[in-house]
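Engineer: Below is a structure I'd like to ask you about.
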Amino acid sequence: MIAQFARTIETDKKLFNQFSGAISIVERSSSFSRPLPKTKFRQIEGHNLACKVYEAKKGSIRIYLFHQEKTGRVIVTGGKKGNQKKDIKAVAKIIKEFQENT
């Protein structure tokens, strides 16, 4: 899913650079002992899932991921700032289906 999103923005240099920055934030979020500011990385609440769901932000690009016990953080997909509500609902559905099938 993340590769599909990357392909949709790869021709727009500005968006693709923001995408690269958001991926970098995901990497930093797992290696730093202190939390990143909510303007860069935040936990998403209110999804009724038995896991923590996160959003990494850079410019207008969002990367959605969750923490899977014994696996670590799993990147689900990306999106744009204006589509956050729709994207978060879709991410929750994808995670739920993933967890039911594993």
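To be explicit about the labels: the chains of the structure tokens are called A, B, and onward in the order shown, and within each one the residues are counted from 1, while ligands get numbers from 1 in the order they are shown.
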Would you list, as a VMD selection string, the residues of chain A that end up in strand (DSSP E or B) under DSSP run on this structure's backbone?

Structural biologist: chain A and resid 41 to 44 53 to 58 61 to 68 72 to 80

Engineer: Can you write just those residues out, N, CA, C and O atoms, as a compact mmCIF listing (two decimals), in the first residue's frame?

Structural biologist:
# COMPACT_ATOMS: atom_id res chain seq x y z
N PHE A 41 5.00 13.67 14.60
CA PHE A 41 4.63 12.28 14.83
C PHE A 41 3.65 12.22 15.98
O PHE A 41 3.92 12.74 17.06
N ARG A 42 2.48 11.61 15.72
CA ARG A 42 1.49 11.55 16.79
C ARG A 42 0.77 10.22 16.79
O ARG A 42 0.68 9.54 15.77
N GLN A 43 0.26 9.87 17.97
CA GLN A 43 -0.57 8.68 18.10
C GLN A 43 -2.00 9.06 17.76
O GLN A 43 -2.49 10.09 18.20
N ILE A 44 -2.66 8.24 16.96
CA ILE A 44 -4.04 8.49 16.56
C ILE A 44 -4.95 7.75 17.53
O ILE A 44 -4.78 6.55 17.76
N VAL A 53 -1.81 3.23 16.82
CA VAL A 53 -1.75 3.69 15.43
C VAL A 53 -1.11 5.07 15.44
O VAL A 53 -1.43 5.90 16.29
N TYR A 54 -0.23 5.30 14.47
CA TYR A 54 0.53 6.55 14.43
C TYR A 54 0.42 7.22 13.07
O TYR A 54 0.14 6.58 12.06
N GLU A 55 0.74 8.52 13.09
CA GLU A 55 0.79 9.32 11.87
C GLU A 55 2.09 10.12 11.89
O GLU A 55 2.33 10.86 12.84
N ALA A 56 2.92 9.94 10.86
CA ALA A 56 4.11 10.76 10.69
C ALA A 56 3.77 11.83 9.67
O ALA A 56 3.11 11.55 8.66
N LYS A 57 4.19 13.08 9.94
CA LYS A 57 3.79 14.21 9.10
C LYS A 57 4.99 15.00 8.60
O LYS A 57 5.90 15.31 9.36
N LYS A 58 4.94 15.31 7.32
CA LYS A 58 5.93 16.21 6.73
C LYS A 58 5.22 17.00 5.64
O LYS A 58 4.77 16.42 4.65
N ILE A 61 2.14 15.66 3.49
CA ILE A 61 2.17 14.20 3.39
C ILE A 61 2.04 13.56 4.78
O ILE A 61 2.63 14.03 5.75
N ARG A 62 1.26 12.48 4.83
CA ARG A 62 1.06 11.71 6.06
C ARG A 62 1.43 10.24 5.78
O ARG A 62 1.09 9.71 4.72
N ILE A 63 2.11 9.62 6.72
CA ILE A 63 2.41 8.19 6.65
C ILE A 63 1.74 7.56 7.87
O ILE A 63 1.94 8.01 9.00
N TYR A 64 0.95 6.51 7.63
CA TYR A 64 0.21 5.85 8.70
C TYR A 64 0.83 4.50 9.01
O TYR A 64 1.16 3.73 8.10
N LEU A 65 0.98 4.20 10.30
CA LEU A 65 1.59 2.95 10.72
C LEU A 65 1.01 2.51 12.05
O LEU A 65 0.31 3.28 12.71
N PHE A 66 1.29 1.28 12.42
CA PHE A 66 0.84 0.78 13.71
C PHE A 66 1.93 -0.07 14.32
O PHE A 66 2.87 -0.49 13.65
N HIS A 67 1.79 -0.32 15.63
CA HIS A 67 2.76 -1.16 16.33
C HIS A 67 2.17 -2.54 16.50
O HIS A 67 1.14 -2.72 17.14
N GLN A 68 2.83 -3.54 15.91
CA GLN A 68 2.41 -4.94 16.00
C GLN A 68 3.30 -5.62 17.02
O GLN A 68 4.53 -5.59 16.89
N GLY A 72 6.99 -5.07 15.64
CA GLY A 72 7.42 -3.69 15.66
C GLY A 72 6.45 -2.83 14.87
O GLY A 72 5.28 -3.18 14.69
N ARG A 73 6.93 -1.74 14.37
CA ARG A 73 6.07 -0.82 13.63
C ARG A 73 5.91 -1.27 12.19
O ARG A 73 6.87 -1.63 11.53
N VAL A 74 4.66 -1.22 11.74
CA VAL A 74 4.31 -1.65 10.39
C VAL A 74 3.70 -0.47 9.66
O VAL A 74 2.68 0.08 10.09
N ILE A 75 4.33 -0.05 8.55
CA ILE A 75 3.79 1.05 7.75
C ILE A 75 2.63 0.52 6.92
O ILE A 75 2.76 -0.51 6.26
N VAL A 76 1.51 1.23 6.97
CA VAL A 76 0.32 0.80 6.25
C VAL A 76 0.21 1.51 4.91
O VAL A 76 0.21 0.89 3.85
N THR A 77 0.13 2.83 4.93
CA THR A 77 -0.03 3.59 3.70
C THR A 77 0.31 5.06 3.95
O THR A 77 0.64 5.45 5.06
N GLY A 78 0.16 5.84 2.92
CA GLY A 78 0.37 7.27 3.02
C GLY A 78 -0.87 8.01 2.55
O GLY A 78 -1.79 7.41 2.00
N GLY A 79 -0.87 9.30 2.78
CA GLY A 79 -1.99 10.12 2.36
C GLY A 79 -1.61 11.59 2.37
O GLY A 79 -0.47 11.94 2.70
N LYS A 80 -2.57 12.42 2.02
CA LYS A 80 -2.35 13.86 2.04
C LYS A 80 -3.18 14.49 3.13
O LYS A 80 -4.22 13.97 3.52

Engineer: Which is closer to Ala50 in chain A than all the others in A:Glu69, A:Ala90, A:Ile23, A:Glu10, using only C-alpha atoms?

Structural biologist: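 The closest residue to Ala50 in chain A is A:Glu69.
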
Engineer: Compare A:Leu15, A:Met1, A:Val26, A:Ile88 by their minimum atom-to-atom distance to Glu45 in chain A, counting only C-alpha atoms, and give me the closest one.

Structural biologist: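 With only C-alpha atoms as the atom set, the closest residue is A:Ile88.
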
Engineer: Find, counting only C-alpha atoms, the residue in A:Gln99, A:Ser30, A:Gln18, A:Asn83 that gets nearest to Gly59 in chain A.

Structural biologist: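 Of A:Gln99, A:Ser30, A:Gln18, A:Asn83, the one nearest Gly59 in chain A, counting only C-alpha atoms, is A:Gln18.
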
Engineer: Tell me which protein, DNA and RNA residues are within 9 Å of Leu49 in chain A, counting only C-alpha atoms, leaving out same-chain ones fewer than 4 positions away, and put them as a list in words.

Structural biologist: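 My list of contacting residues is Val53, Ala92, Ile95 and Lys96 of chain A.
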
Engineer: Please return as a VMD selection string: the residues of chain A that backbone DSSP assigns to helix (DSSP H, G or I).

Structural biologist: chain A and resid 2 to 9 13 to 31 81 to 100

Engineer: Based on the selection just made, write N, CA and C atoms of those residues as a tab-separated table (two decimals), in the first residue's frame.

Structural biologist:
chain	number	residue	atom	x	y	z
A	2	ILE	N	1.95	1.25	0.77
A	2	ILE	CA	2.80	2.44	0.82
A	2	ILE	C	3.49	2.64	-0.52
A	3	ALA	N	3.87	1.55	-1.19
A	3	ALA	CA	4.51	1.67	-2.50
A	3	ALA	C	3.53	2.25	-3.52
A	4	GLN	N	2.28	1.84	-3.43
A	4	GLN	CA	1.26	2.38	-4.34
A	4	GLN	C	1.10	3.88	-4.13
A	5	PHE	N	1.08	4.32	-2.87
A	5	PHE	CA	0.97	5.74	-2.59
A	5	PHE	C	2.19	6.48	-3.12
A	6	ALA	N	3.38	5.93	-2.91
A	6	ALA	CA	4.61	6.57	-3.39
A	6	ALA	C	4.58	6.75	-4.90
A	7	ARG	N	4.06	5.76	-5.63
A	7	ARG	CA	3.96	5.88	-7.09
A	7	ARG	C	3.01	7.00	-7.51
A	8	THR	N	1.98	7.26	-6.71
A	8	THR	CA	1.02	8.31	-7.10
A	8	THR	C	1.61	9.70	-6.96
A	9	ILE	N	2.64	9.85	-6.14
A	9	ILE	CA	3.22	11.19	-5.94
A	9	ILE	C	4.63	11.33	-6.50
A	13	LYS	N	7.91	16.46	-7.45
A	13	LYS	CA	9.15	16.49	-6.67
A	13	LYS	C	8.92	16.99	-5.24
A	14	LYS	N	8.10	18.02	-5.07
A	14	LYS	CA	7.85	18.57	-3.74
A	14	LYS	C	7.18	17.53	-2.84
A	15	LEU	N	6.13	16.88	-3.35
A	15	LEU	CA	5.44	15.87	-2.55
A	15	LEU	C	6.33	14.68	-2.27
A	16	PHE	N	7.12	14.28	-3.26
A	16	PHE	CA	8.00	13.12	-3.05
A	16	PHE	C	9.08	13.44	-2.01
A	17	ASN	N	9.58	14.67	-1.99
A	17	ASN	CA	10.54	15.07	-0.97
A	17	ASN	C	9.90	15.06	0.42
A	18	GLN	N	8.63	15.50	0.49
A	18	GLN	CA	7.90	15.45	1.76
A	18	GLN	C	7.69	14.01	2.20
A	19	PHE	N	7.40	13.14	1.24
A	19	PHE	CA	7.24	11.71	1.53
A	19	PHE	C	8.53	11.15	2.13
A	20	SER	N	9.66	11.48	1.52
A	20	SER	CA	10.96	11.02	2.03
A	20	SER	C	11.18	11.54	3.45
A	21	GLY	N	10.80	12.78	3.69
A	21	GLY	CA	10.92	13.35	5.03
A	21	GLY	C	10.04	12.64	6.04
A	22	ALA	N	8.83	12.28	5.65
A	22	ALA	CA	7.92	11.56	6.55
A	22	ALA	C	8.46	10.17	6.88
A	23	ILE	N	9.04	9.51	5.89
A	23	ILE	CA	9.66	8.20	6.14
A	23	ILE	C	10.82	8.35	7.12
A	24	SER	N	11.59	9.41	6.97
A	24	SER	CA	12.69	9.68	7.90
A	24	SER	C	12.16	9.89	9.33
A	25	ILE	N	11.04	10.55	9.46
A	25	ILE	CA	10.43	10.76	10.78
A	25	ILE	C	10.03	9.42	11.39
A	26	VAL	N	9.47	8.52	10.57
A	26	VAL	CA	9.12	7.18	11.06
A	26	VAL	C	10.36	6.49	11.59
A	27	GLU	N	11.45	6.55	10.85
A	27	GLU	CA	12.70	5.92	11.29
A	27	GLU	C	13.20	6.53	12.59
A	28	ARG	N	13.16	7.85	12.68
A	28	ARG	CA	13.62	8.52	13.91
A	28	ARG	C	12.72	8.20	15.09
A	29	SER	N	11.44	8.03	14.85
A	29	SER	CA	10.51	7.78	15.96
A	29	SER	C	10.81	6.46	16.66
A	30	SER	N	11.37	5.51	15.96
A	30	SER	CA	11.65	4.22	16.58
A	30	SER	C	13.03	4.15	17.21
A	31	SER	N	13.88	5.12	16.93
A	31	SER	CA	15.24	5.05	17.46
A	31	SER	C	15.54	6.07	18.55
A	81	LYS	N	-2.73	15.63	3.61
A	81	LYS	CA	-3.34	16.31	4.74
A	81	LYS	C	-4.85	16.49	4.57
A	82	GLY	N	-5.32	16.86	3.42
A	82	GLY	CA	-6.74	17.12	3.20
A	82	GLY	C	-7.62	15.88	3.27
A	83	ASN	N	-7.02	14.71	3.23
A	83	ASN	CA	-7.78	13.46	3.24
A	83	ASN	C	-7.66	12.69	4.55
A	84	GLN	N	-7.18	13.33	5.61
A	84	GLN	CA	-6.86	12.62	6.83
A	84	GLN	C	-8.00	11.79	7.41
A	85	LYS	N	-9.18	12.36	7.53
A	85	LYS	CA	-10.30	11.62	8.14
A	85	LYS	C	-10.60	10.35	7.35
A	86	LYS	N	-10.68	10.48	6.04
A	86	LYS	CA	-10.94	9.33	5.18
A	86	LYS	C	-9.80	8.32	5.25
A	87	ASP	N	-8.56	8.82	5.22
A	87	ASP	CA	-7.40	7.94	5.27
A	87	ASP	C	-7.33	7.17	6.59
A	88	ILE	N	-7.62	7.83	7.70
A	88	ILE	CA	-7.55	7.18	9.01
A	88	ILE	C	-8.59	6.07	9.11
A	89	LYS	N	-9.79	6.30	8.58
A	89	LYS	CA	-10.81	5.24	8.56
A	89	LYS	C	-10.34	4.06	7.72
A	90	ALA	N	-9.76	4.34	6.57
A	90	ALA	CA	-9.26	3.27	5.70
A	90	ALA	C	-8.11	2.51	6.37
A	91	VAL	N	-7.23	3.21	7.04
A	91	VAL	CA	-6.10	2.58	7.73
A	91	VAL	C	-6.62	1.66	8.84
A	92	ALA	N	-7.59	2.13	9.61
A	92	ALA	CA	-8.16	1.30	10.68
A	92	ALA	C	-8.77	0.02	10.11
A	93	LYS	N	-9.43	0.13	8.99
A	93	LYS	CA	-10.03	-1.04	8.34
A	93	LYS	C	-8.95	-2.02	7.87
A	94	ILE	N	-7.90	-1.50	7.27
A	94	ILE	CA	-6.79	-2.34	6.80
A	94	ILE	C	-6.13	-3.07	7.97
A	95	ILE	N	-5.88	-2.34	9.06
A	95	ILE	CA	-5.24	-2.94	10.24
A	95	ILE	C	-6.13	-4.03	10.82
A	96	LYS	N	-7.41	-3.75	10.94
A	96	LYS	CA	-8.35	-4.73	11.49
A	96	LYS	C	-8.34	-6.02	10.65
A	97	GLU	N	-8.40	-5.87	9.34
A	97	GLU	CA	-8.36	-7.04	8.45
A	97	GLU	C	-7.04	-7.79	8.59
A	98	PHE	N	-5.95	-7.06	8.69
A	98	PHE	CA	-4.63	-7.67	8.85
A	98	PHE	C	-4.58	-8.48	10.13
A	99	GLN	N	-5.05	-7.90	11.22
A	99	GLN	CA	-4.99	-8.58	12.52
A	99	GLN	C	-5.91	-9.80	12.56
A	100	GLU	N	-7.03	-9.73	11.87
A	100	GLU	CA	-7.95	-10.88	11.84
A	100	GLU	C	-7.38	-12.04	11.03

Engineer: Separation of CA of Lys38 in chain A and CA of Lys52 in chain A, in Å?

Structural biologist: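 For CA of Lys38 in chain A relative to CA of Lys52 in chain A, the distance reads 14.9 Å.
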